[in-house]
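Student: My file is model.cif. It has mmCIF, C-alpha atoms:
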```cif
data_model
loop_
_atom_site.label_atom_id
_atom_site.label_comp_id
_atom_site.auth_asym_id
_atom_site.auth_seq_id
_atom_site.Cartn_x
_atom_site.Cartn_y
_atom_site.Cartn_z
CA MET A 300 0.00 0.00 0.00
CA THR A 301 1.50 3.32 -1.00
CA THR A 302 -0.56 5.62 1.20
CA GLU A 303 1.52 6.24 4.30
CA HIS A 304 0.70 7.30 7.82
CA ARG A 305 2.66 10.35 8.94
CA ARG A 306 2.37 12.99 11.64
CA ASN A 307 -1.33 13.45 12.42
CA PRO A 308 -2.78 9.93 12.57
CA GLU A 309 -6.13 11.32 11.48
CA GLU A 310 -4.55 12.33 8.19
CA ILE A 311 -2.89 10.23 5.54
CA GLN A 312 -0.53 11.08 2.70
CA ARG A 313 -2.56 10.90 -0.50
CA PHE A 314 -0.15 12.45 -3.03
CA THR A 315 3.65 12.36 -3.16
CA ALA A 316 5.97 15.38 -3.50
CA ASN A 317 6.54 14.44 -7.15
CA GLU A 318 2.78 14.49 -7.86
CA LEU A 319 2.30 17.77 -6.01
CA ALA A 320 5.19 19.31 -7.98
CA GLN A 321 3.61 18.22 -11.27
CA HIS A 322 0.32 19.76 -10.17
CA TRP A 323 2.01 23.05 -9.24
CA VAL A 324 3.85 23.29 -12.56
CA LEU A 325 0.64 22.48 -14.44
CA MET A 326 -1.32 25.01 -12.42
CA ILE A 327 1.15 27.83 -13.11
CA THR A 328 1.71 26.86 -16.74
CA LEU A 329 -1.94 26.62 -17.69
CA THR A 330 -2.74 29.87 -15.89
CA VAL A 331 -0.12 31.79 -17.86
CA LEU A 332 -1.02 30.04 -21.13
CA ALA A 333 -4.70 30.81 -20.59
CA LEU A 334 -4.07 34.50 -19.82
CA THR A 335 -1.66 35.02 -22.70
CA GLY A 336 -3.88 33.03 -25.06
CA LEU A 337 -7.01 34.88 -24.01
CA ALA A 338 -5.32 38.20 -24.80
CA LEU A 339 -5.14 37.14 -28.45
CA PHE A 340 -8.39 35.15 -28.57
CA ALA A 341 -10.39 38.12 -27.24
CA TYR A 342 -8.23 40.79 -28.88
CA GLY A 343 -11.19 42.90 -29.99
CA THR A 344 -12.71 43.12 -26.52
CA TRP A 345 -11.74 45.25 -23.54
CA ILE A 346 -10.51 42.24 -21.59
CA GLY A 347 -8.26 41.23 -24.47
CA LYS A 348 -6.85 44.75 -24.72
CA VAL A 349 -6.25 44.94 -20.96
CA LEU A 350 -4.49 41.55 -20.92
CA MET A 351 -2.44 42.49 -23.98
CA ALA A 352 -1.29 45.71 -22.28
CA ILE A 353 -0.42 43.89 -19.04
CA GLU A 354 1.53 41.27 -20.95
CA GLY A 355 3.67 43.89 -22.69
CA GLY A 356 2.13 43.92 -26.16
CA MET A 357 1.74 41.40 -28.95
CA GLU A 358 5.36 40.30 -29.25
CA ALA A 359 6.04 39.92 -25.52
CA ARG A 360 2.74 38.07 -25.14
CA GLY A 361 3.76 35.65 -27.87
CA ALA A 362 7.16 35.07 -26.32
CA ILE A 363 5.66 34.37 -22.87
CA HIS A 364 3.04 32.07 -24.41
CA ARG A 365 5.63 30.07 -26.31
CA PHE A 366 7.98 29.85 -23.32
CA PHE A 367 5.23 28.33 -21.17
CA ALA A 368 4.15 26.13 -24.07
CA VAL A 369 7.64 24.59 -23.91
CA VAL A 370 7.22 24.18 -20.14
CA LEU A 371 3.91 22.39 -20.80
CA MET A 372 5.63 20.07 -23.27
CA LEU A 373 8.37 19.29 -20.73
CA LEU A 374 5.74 18.68 -18.06
CA THR A 375 3.87 16.34 -20.42
CA ALA A 376 7.09 14.39 -20.96
CA TRP A 377 7.74 14.33 -17.19
CA HIS A 378 4.21 13.06 -16.52
CA PHE A 379 4.45 10.50 -19.32
CA PHE A 380 7.65 9.05 -17.90
CA TYR A 381 6.17 9.14 -14.41
CA VAL A 382 3.04 7.16 -15.27
CA VAL A 383 4.79 4.75 -17.64
CA PHE A 384 8.11 4.04 -15.95
CA THR A 385 7.50 4.35 -12.20
CA GLU A 386 5.54 1.79 -10.23
CA ARG A 387 3.66 4.39 -8.22
CA GLY A 388 2.84 6.52 -11.28
CA HIS A 389 1.69 3.54 -13.30
CA ARG A 390 -0.63 2.45 -10.50
CA GLN A 391 -2.11 5.97 -10.40
CA LEU A 392 -2.71 5.81 -14.15
CA MET A 393 -4.45 2.45 -13.82
CA GLU A 394 -6.66 3.91 -11.10
CA MET A 395 -7.49 6.76 -13.44
CA LEU A 396 -8.76 4.53 -16.25
CA PRO A 397 -12.46 5.13 -16.85
CA HIS A 398 -14.92 2.26 -16.37
CA ALA A 399 -18.63 1.78 -16.97
CA SER A 400 -19.05 1.84 -13.18
CA ASP A 401 -17.88 5.48 -13.22
CA PHE A 402 -20.85 6.46 -15.35
CA ARG A 403 -23.22 4.53 -13.07
CA GLY A 404 -21.57 6.13 -10.04
CA PHE A 405 -21.97 9.59 -11.54
CA VAL A 406 -25.68 8.97 -12.21
CA ALA A 407 -26.06 7.62 -8.64
CA LEU A 408 -24.34 10.75 -7.33
CA LEU A 409 -26.79 12.98 -9.18
CA GLY A 410 -29.57 10.84 -7.64
CA TYR A 411 -28.08 11.53 -4.21
CA TYR A 412 -27.97 15.27 -4.91
CA LEU A 413 -31.61 15.12 -6.02
CA GLY A 414 -32.62 13.35 -2.80
CA ARG A 415 -33.34 9.93 -4.35
CA THR A 416 -30.84 8.13 -2.09
CA ALA A 417 -29.71 8.82 1.47
CA GLU A 418 -26.01 8.08 0.91
CA PRO A 419 -23.64 9.11 -1.87
CA PRO A 420 -22.29 6.21 -3.94
CA PRO A 421 -18.92 4.80 -2.82
CA PHE A 422 -15.96 5.77 -4.99
CA GLY A 423 -12.43 4.42 -5.18
CA ARG A 424 -9.18 6.37 -5.32
CA PHE A 425 -10.50 8.72 -7.99
CA THR A 426 -14.10 9.83 -8.41
CA PRO A 427 -15.71 10.00 -11.88
CA MET A 428 -15.41 13.80 -11.79
CA GLN A 429 -11.69 13.59 -11.01
CA LYS A 430 -11.19 11.16 -13.88
CA LEU A 431 -13.10 13.43 -16.23
CA GLN A 432 -10.94 16.39 -15.21
CA TYR A 433 -7.71 14.40 -15.54
CA TRP A 434 -8.49 13.04 -19.00
CA GLY A 435 -10.04 16.32 -20.13
CA ALA A 436 -6.97 18.28 -19.10
CA GLY A 437 -4.54 15.62 -20.32
CA LEU A 438 -6.01 15.00 -23.76
CA GLY A 439 -6.86 18.70 -24.07
CA SER A 440 -3.24 19.62 -23.35
CA LEU A 441 -2.01 17.16 -25.98
CA MET A 442 -4.37 18.70 -28.52
CA MET A 443 -3.23 22.20 -27.53
CA ILE A 444 0.42 21.19 -27.95
CA GLY A 445 -0.25 19.66 -31.38
CA THR A 446 -2.27 22.57 -32.75
CA GLY A 447 0.03 25.07 -31.02
CA LEU A 448 3.09 23.64 -32.75
CA ILE A 449 1.36 24.05 -36.14
CA LEU A 450 0.59 27.68 -35.32
CA TRP A 451 4.09 28.32 -33.94
CA PHE A 452 5.85 26.88 -36.99
CA HIS A 453 3.23 28.18 -39.39
CA THR A 454 5.64 28.81 -42.27
CA GLN A 455 6.84 25.22 -42.27
CA ALA A 456 3.30 23.94 -41.62
CA MET A 457 1.85 25.92 -44.53
CA ALA A 458 4.38 24.30 -46.81
CA VAL A 459 2.85 20.88 -46.21
CA LEU A 460 -0.70 21.58 -44.96
CA PRO A 461 -3.61 23.09 -46.91
CA LYS A 462 -4.75 26.53 -45.80
CA TRP A 463 -8.14 25.30 -44.65
CA LEU A 464 -6.46 22.95 -42.18
CA PHE A 465 -4.41 25.84 -40.85
CA ASP A 466 -7.60 27.90 -40.37
CA VAL A 467 -9.31 24.98 -38.63
CA THR A 468 -6.25 24.54 -36.39
CA THR A 469 -6.48 28.20 -35.39
CA ILE A 470 -10.15 27.78 -34.45
CA VAL A 471 -9.59 24.50 -32.60
CA HIS A 472 -6.60 25.91 -30.65
CA GLY A 473 -8.56 28.96 -29.55
CA TYR A 474 -11.79 27.23 -28.55
CA GLU A 475 -10.10 24.17 -27.07
CA GLY A 476 -8.14 26.60 -24.92
CA LEU A 477 -11.37 28.23 -23.83
CA ILE A 478 -12.92 24.85 -23.00
CA LEU A 479 -9.83 23.90 -20.97
CA PHE A 480 -9.95 27.25 -19.21
CA ILE A 481 -13.59 26.68 -18.21
CA LEU A 482 -12.93 23.06 -17.23
CA LEU A 483 -10.00 23.89 -14.97
CA PHE A 484 -10.70 27.40 -13.69
CA GLY A 485 -14.44 26.90 -13.47
CA TRP A 486 -15.43 23.34 -12.79
CA HIS A 487 -12.19 22.03 -11.23
CA LEU A 488 -11.89 24.96 -8.82
CA TYR A 489 -15.58 24.63 -7.96
CA ILE A 490 -15.38 20.90 -7.23
CA VAL A 491 -12.13 21.08 -5.29
CA HIS A 492 -12.59 24.28 -3.29
CA PHE A 493 -16.05 25.79 -3.61
CA SER A 494 -18.43 22.82 -3.52
CA PRO A 495 -20.37 22.01 -0.33
CA GLY A 496 -18.07 20.53 2.32
CA ASN A 497 -14.94 21.96 0.66
CA PHE A 498 -15.41 25.73 0.87
CA PRO A 499 -13.32 27.86 1.30
CA MET A 500 -10.32 25.68 0.46
CA GLN A 501 -9.28 22.06 0.46
CA ARG A 502 -5.60 21.81 1.42
CA THR A 503 -4.66 18.52 -0.20
CA PHE A 504 -2.99 20.34 -3.11
CA LEU A 505 -0.65 22.03 -0.62
CA SER A 506 0.36 19.11 1.58
CA GLY A 507 -0.80 16.07 -0.34
CA ARG A 508 -2.61 14.97 2.82
CA ILE A 509 -6.26 14.13 3.42
CA SER A 510 -8.19 13.49 6.61
CA ARG A 511 -9.53 10.01 7.23
CA GLN A 512 -12.97 11.51 7.58
CA ARG A 513 -12.79 13.04 4.12
CA LEU A 514 -11.35 9.84 2.67
CA TRP A 515 -14.30 7.95 4.16
CA GLN A 516 -16.76 10.40 2.67
CA GLU A 517 -15.24 10.88 -0.76
CA HIS A 518 -13.25 7.71 -1.47
CA ARG A 519 -15.08 5.08 0.54
CA LEU A 520 -13.74 2.08 -1.39
CA GLU A 521 -10.15 3.25 -0.95
CA TYR A 522 -10.76 3.84 2.76
CA LEU A 523 -12.18 0.33 3.20
CA GLU A 524 -9.19 -1.11 1.38
CA LEU A 525 -6.81 0.77 3.70
CA PHE A 526 -8.54 0.58 7.06
CA GLY A 527 -11.29 -2.02 6.78
CA ASP A 528 -14.70 -1.00 8.08
CA ARG A 529 -13.40 0.95 11.09
CA ARG A 530 -15.17 4.27 10.64
CA PRO A 531 -13.09 7.40 11.26
CA THR A 532 -13.93 9.59 14.22
CA PRO A 533 -15.30 12.97 13.09
CA LEU A 534 -13.20 15.92 14.24
CA PRO A 535 -14.78 18.16 16.92
CA GLY A 536 -17.36 20.38 15.31
CA GLN A 537 -16.91 18.68 11.98
CA ARG A 538 -20.02 18.15 9.98
CA GLU A 539 -20.52 15.16 7.70
CA GLU A 540 -18.97 16.07 4.40
CA GLU A 541 -21.43 16.42 1.64
CA SER A 542 -19.56 16.28 -1.59
CA PRO A 543 -17.68 13.26 -2.95
CA MET B 174 12.05 43.14 -36.39
CA ARG B 175 8.72 44.56 -35.26
CA ILE B 176 5.64 42.76 -36.48
CA PRO B 177 3.07 45.14 -38.02
CA VAL B 178 0.24 43.71 -35.96
CA THR B 179 -2.38 46.35 -36.71
CA ALA B 180 -1.71 46.17 -40.42
CA LEU B 181 -1.96 42.37 -40.34
CA LEU B 182 -5.26 42.49 -38.46
CA GLN B 183 -6.64 45.02 -40.95
CA LEU B 184 -5.49 42.87 -43.83
CA ALA B 185 -7.20 39.84 -42.33
CA ALA B 186 -10.41 41.82 -41.98
CA THR B 187 -10.55 43.14 -45.56
CA GLU B 188 -12.69 41.45 -48.15
CA SER B 189 -9.75 41.20 -50.52
CA SER B 190 -7.87 38.90 -48.15
CA ILE B 191 -8.20 35.14 -48.52
CA PRO B 192 -11.44 34.16 -46.73
CA PRO B 193 -10.73 32.02 -43.68
CA ALA B 194 -11.98 28.45 -43.86
CA GLY B 195 -13.60 26.57 -41.02
CA GLY B 196 -16.91 28.44 -40.66
CA THR B 197 -18.72 25.15 -40.02
CA VAL B 198 -16.02 24.02 -37.63
CA ARG B 199 -16.36 27.28 -35.72
CA THR B 200 -20.13 26.77 -35.43
CA VAL B 201 -19.72 23.16 -34.26
CA VAL B 202 -17.08 24.14 -31.72
CA ARG B 203 -19.30 26.93 -30.39
CA ILE B 204 -22.19 24.47 -29.98
CA VAL B 205 -19.89 22.02 -28.16
CA LEU B 206 -18.73 24.86 -25.93
CA GLY B 207 -22.33 25.86 -25.19
CA VAL B 208 -23.38 22.29 -24.35
CA PHE B 209 -20.27 21.89 -22.19
CA ILE B 210 -20.99 25.06 -20.21
CA ALA B 211 -24.66 24.05 -19.83
CA MET B 212 -23.66 20.62 -18.49
CA LEU B 213 -21.22 22.06 -15.96
CA ALA B 214 -23.72 24.67 -14.85
CA SER B 215 -26.39 21.95 -14.45
CA TYR B 216 -24.05 19.85 -12.31
CA VAL B 217 -23.26 22.80 -10.04
CA LEU B 218 -26.96 23.68 -9.77
CA ILE B 219 -28.00 20.10 -8.94
CA GLU B 220 -25.26 19.80 -6.29
CA GLN B 221 -26.20 23.13 -4.73
CA ILE B 222 -29.89 22.20 -4.65
CA GLY B 223 -29.03 18.84 -3.06
CA SER B 224 -26.84 20.52 -0.46
CA TRP B 225 -29.53 23.07 0.33
CA ARG B 226 -32.16 20.33 0.72
CA ARG B 227 -29.96 18.30 3.08
CA ARG B 228 -29.14 21.35 5.18
CA ARG B 229 -32.84 22.15 5.44
CA ALA B 230 -33.65 18.53 6.38
CA ASP B 231 -30.88 18.59 9.06
CA ARG B 232 -32.34 21.79 10.49
CA ASP B 233 -35.88 20.41 10.60
CA HIS B 234 -34.83 17.30 12.54
#
```
Let's see the structure in the file written out as structure tokens.

Tutor:
Amino acid sequence: MTTEHRRNPEEIQRFTANELAQHWVLMITLTVLALTGLALFAYGTWIGKVLMAIEGGMEARGAIHRFFAVVLMLLTAWHFFYVVFTERGHRQLMEMLPHASDFRGFVALLGYYLGRTAEPPPFGRFTPMQKLQYWGAGLGSLMMIGTGLILWFHTQAMAVLPKWLFDVTTIVHGYEGLILFILLFGWHLYIVHFSPGNFPMQRTFLSGRISRQRLWQEHRLEYLELFGDRRPTPLPGQREEESP
Amino acid sequence: MRIPVTALLQLAATESSIPPAGGTVRTVVRIVLGVFIAMLASYVLIEQIGSWRRRRADRDH
């Protein structure tokens, strides 16, 4: 079992320093890429003009965007090697694979929210929403890298690609970026920090640790695998968590 | 070398420039974006309603 007990016995280590570092780099990289991309995508609007001015104009914006695009490519390579060549990373990837039970679990969760069931469905190490965010961000990033490289090396690309494909690439890069932005800065932030039971901030992304109580509520199957059916003791004043 | 950004944007906007392809793609992508936003908003709404109902039920007991 990879999850270790450290310091506070009511908390367990859920993510390693390597995983937290990858998350931090991704968080910073995507934020900068989104802001510098939005400046161009929304160039005709006031927000685009404000962002463009803050980022130092068209050329500086492009340089910053491309620098962080390279960082994203390096991070993708880092993550690829992590999940393919390390035992821990590979196990995480296997846990992330989507199954039909994820869809059923998601429907059951909506049923719980709508008051059809008294208990939320039990989830394993990763909930269906976490899997959706991981694969959405991962595959979305790969698509952004591919289309971004065509736009970056447009002279070479135009020598081998038809113009219509170049135009389509421009559209896909812009809108895919917007979808990623909404997925990560809207839905991901909402689920992790602003949803019921998590507001104002969940600290797992800082320390990699999670309370047993939260693990019981949100990842029941993983909890049972780790601790059997010994229920965790709620912390003083702690209310039952609501959101898996 | 400075890139003549304004001139390039004006050129792209003139009728004499090569018309950009991908009008259908743009429409499809916008529809996907709209559906995506609607789904996320529905999820948040359903979760908030569920949370509100449970809090109300806890209070009533």

Student: What does the PyMOL selection byres ((chain B) within 10 of (chain A)) select in this file, as a PyMOL selection string?

Tutor: chain B and resi 175-178+191-199+202-203+205-207+209-210+213-214+216-228

Student: Return as a short mmCIF file (atom, residue, chain, number, x, y, z; two decimals) with C-alpha atoms, in the coordinates of the input the set of residues that the PyMOL selection byres ((chain A and resi 331) around 12) yields on the displayed structure.

Tutor:
```cif
data_model
loop_
_atom_site.label_atom_id
_atom_site.label_comp_id
_atom_site.auth_asym_id
_atom_site.auth_seq_id
_atom_site.Cartn_x
_atom_site.Cartn_y
_atom_site.Cartn_z
CA VAL A 324 3.85 23.29 -12.56
CA LEU A 325 0.64 22.48 -14.44
CA MET A 326 -1.32 25.01 -12.42
CA ILE A 327 1.15 27.83 -13.11
CA THR A 328 1.71 26.86 -16.74
CA LEU A 329 -1.94 26.62 -17.69
CA THR A 330 -2.74 29.87 -15.89
CA LEU A 332 -1.02 30.04 -21.13
CA ALA A 333 -4.70 30.81 -20.59
CA LEU A 334 -4.07 34.50 -19.82
CA THR A 335 -1.66 35.02 -22.70
CA GLY A 336 -3.88 33.03 -25.06
CA LEU A 337 -7.01 34.88 -24.01
CA ALA A 338 -5.32 38.20 -24.80
CA LEU A 350 -4.49 41.55 -20.92
CA GLU A 354 1.53 41.27 -20.95
CA ARG A 360 2.74 38.07 -25.14
CA GLY A 361 3.76 35.65 -27.87
CA ALA A 362 7.16 35.07 -26.32
CA ILE A 363 5.66 34.37 -22.87
CA HIS A 364 3.04 32.07 -24.41
CA ARG A 365 5.63 30.07 -26.31
CA PHE A 366 7.98 29.85 -23.32
CA PHE A 367 5.23 28.33 -21.17
CA ALA A 368 4.15 26.13 -24.07
CA VAL A 370 7.22 24.18 -20.14
CA LEU A 371 3.91 22.39 -20.80
CA GLY A 476 -8.14 26.60 -24.92
CA PHE A 480 -9.95 27.25 -19.21
#
```

Student: Once the PyMOL selection byres ((chain A and resi 518) around 8) is applied to the coordinates I shared, what remains selected? I want it as a list in words.

Tutor: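 Evaluating the PyMOL selection byres ((chain A and resi 518) around 8) on this file yields Pro421, Phe422, Gly423, Arg424, Phe425, Thr426, Arg513, Leu514, Trp515, Gln516, Glu517, Arg519, Leu520, Glu521, Tyr522 and Pro543 of chain A.
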
Student: Grab the atom CA of A:Ala316 to atom CA of A:Leu505 distance for me, in Å with one decimal place.

Tutor: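 Computing the Euclidean distance for atom CA of A:Ala316 and atom CA of A:Leu505 yields 9.8 Å.
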
Student: Have a look at atom CA of A:Pro427 and atom CA of B:Thr200 and let me know their distance in Å, one decimal.

Tutor: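 Atom CA of A:Pro427 sits 29.2 Å away from atom CA of B:Thr200.
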
Student: Write out as a VMD selection string each polymer residue whose atoms come within 12 Å of A:Leu431, counting all atoms listed in the file; drop sequence neighbours fewer than 3 positions from it.

Tutor: (chain A and resid 395 to 398 401 to 402 405 425 to 428 434 to 439 479 482 to 483 486 to 487 490) or (chain B and resid 213)

Student: So, with all atoms listed in the file as the atoms that count, which of A:Ala359, A:Arg313, A:Ile509, A:Thr416 lies closest to A:Gln391?

Tutor: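 Nearest candidate to A:Gln391 out of A:Ala359, A:Arg313, A:Ile509, A:Thr416: A:Arg313.
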
Student: To one decimal place in Å, what is the distance between atom CA of B:Ser215 and atom CA of A:Val406?

Tutor: 13.2 Å
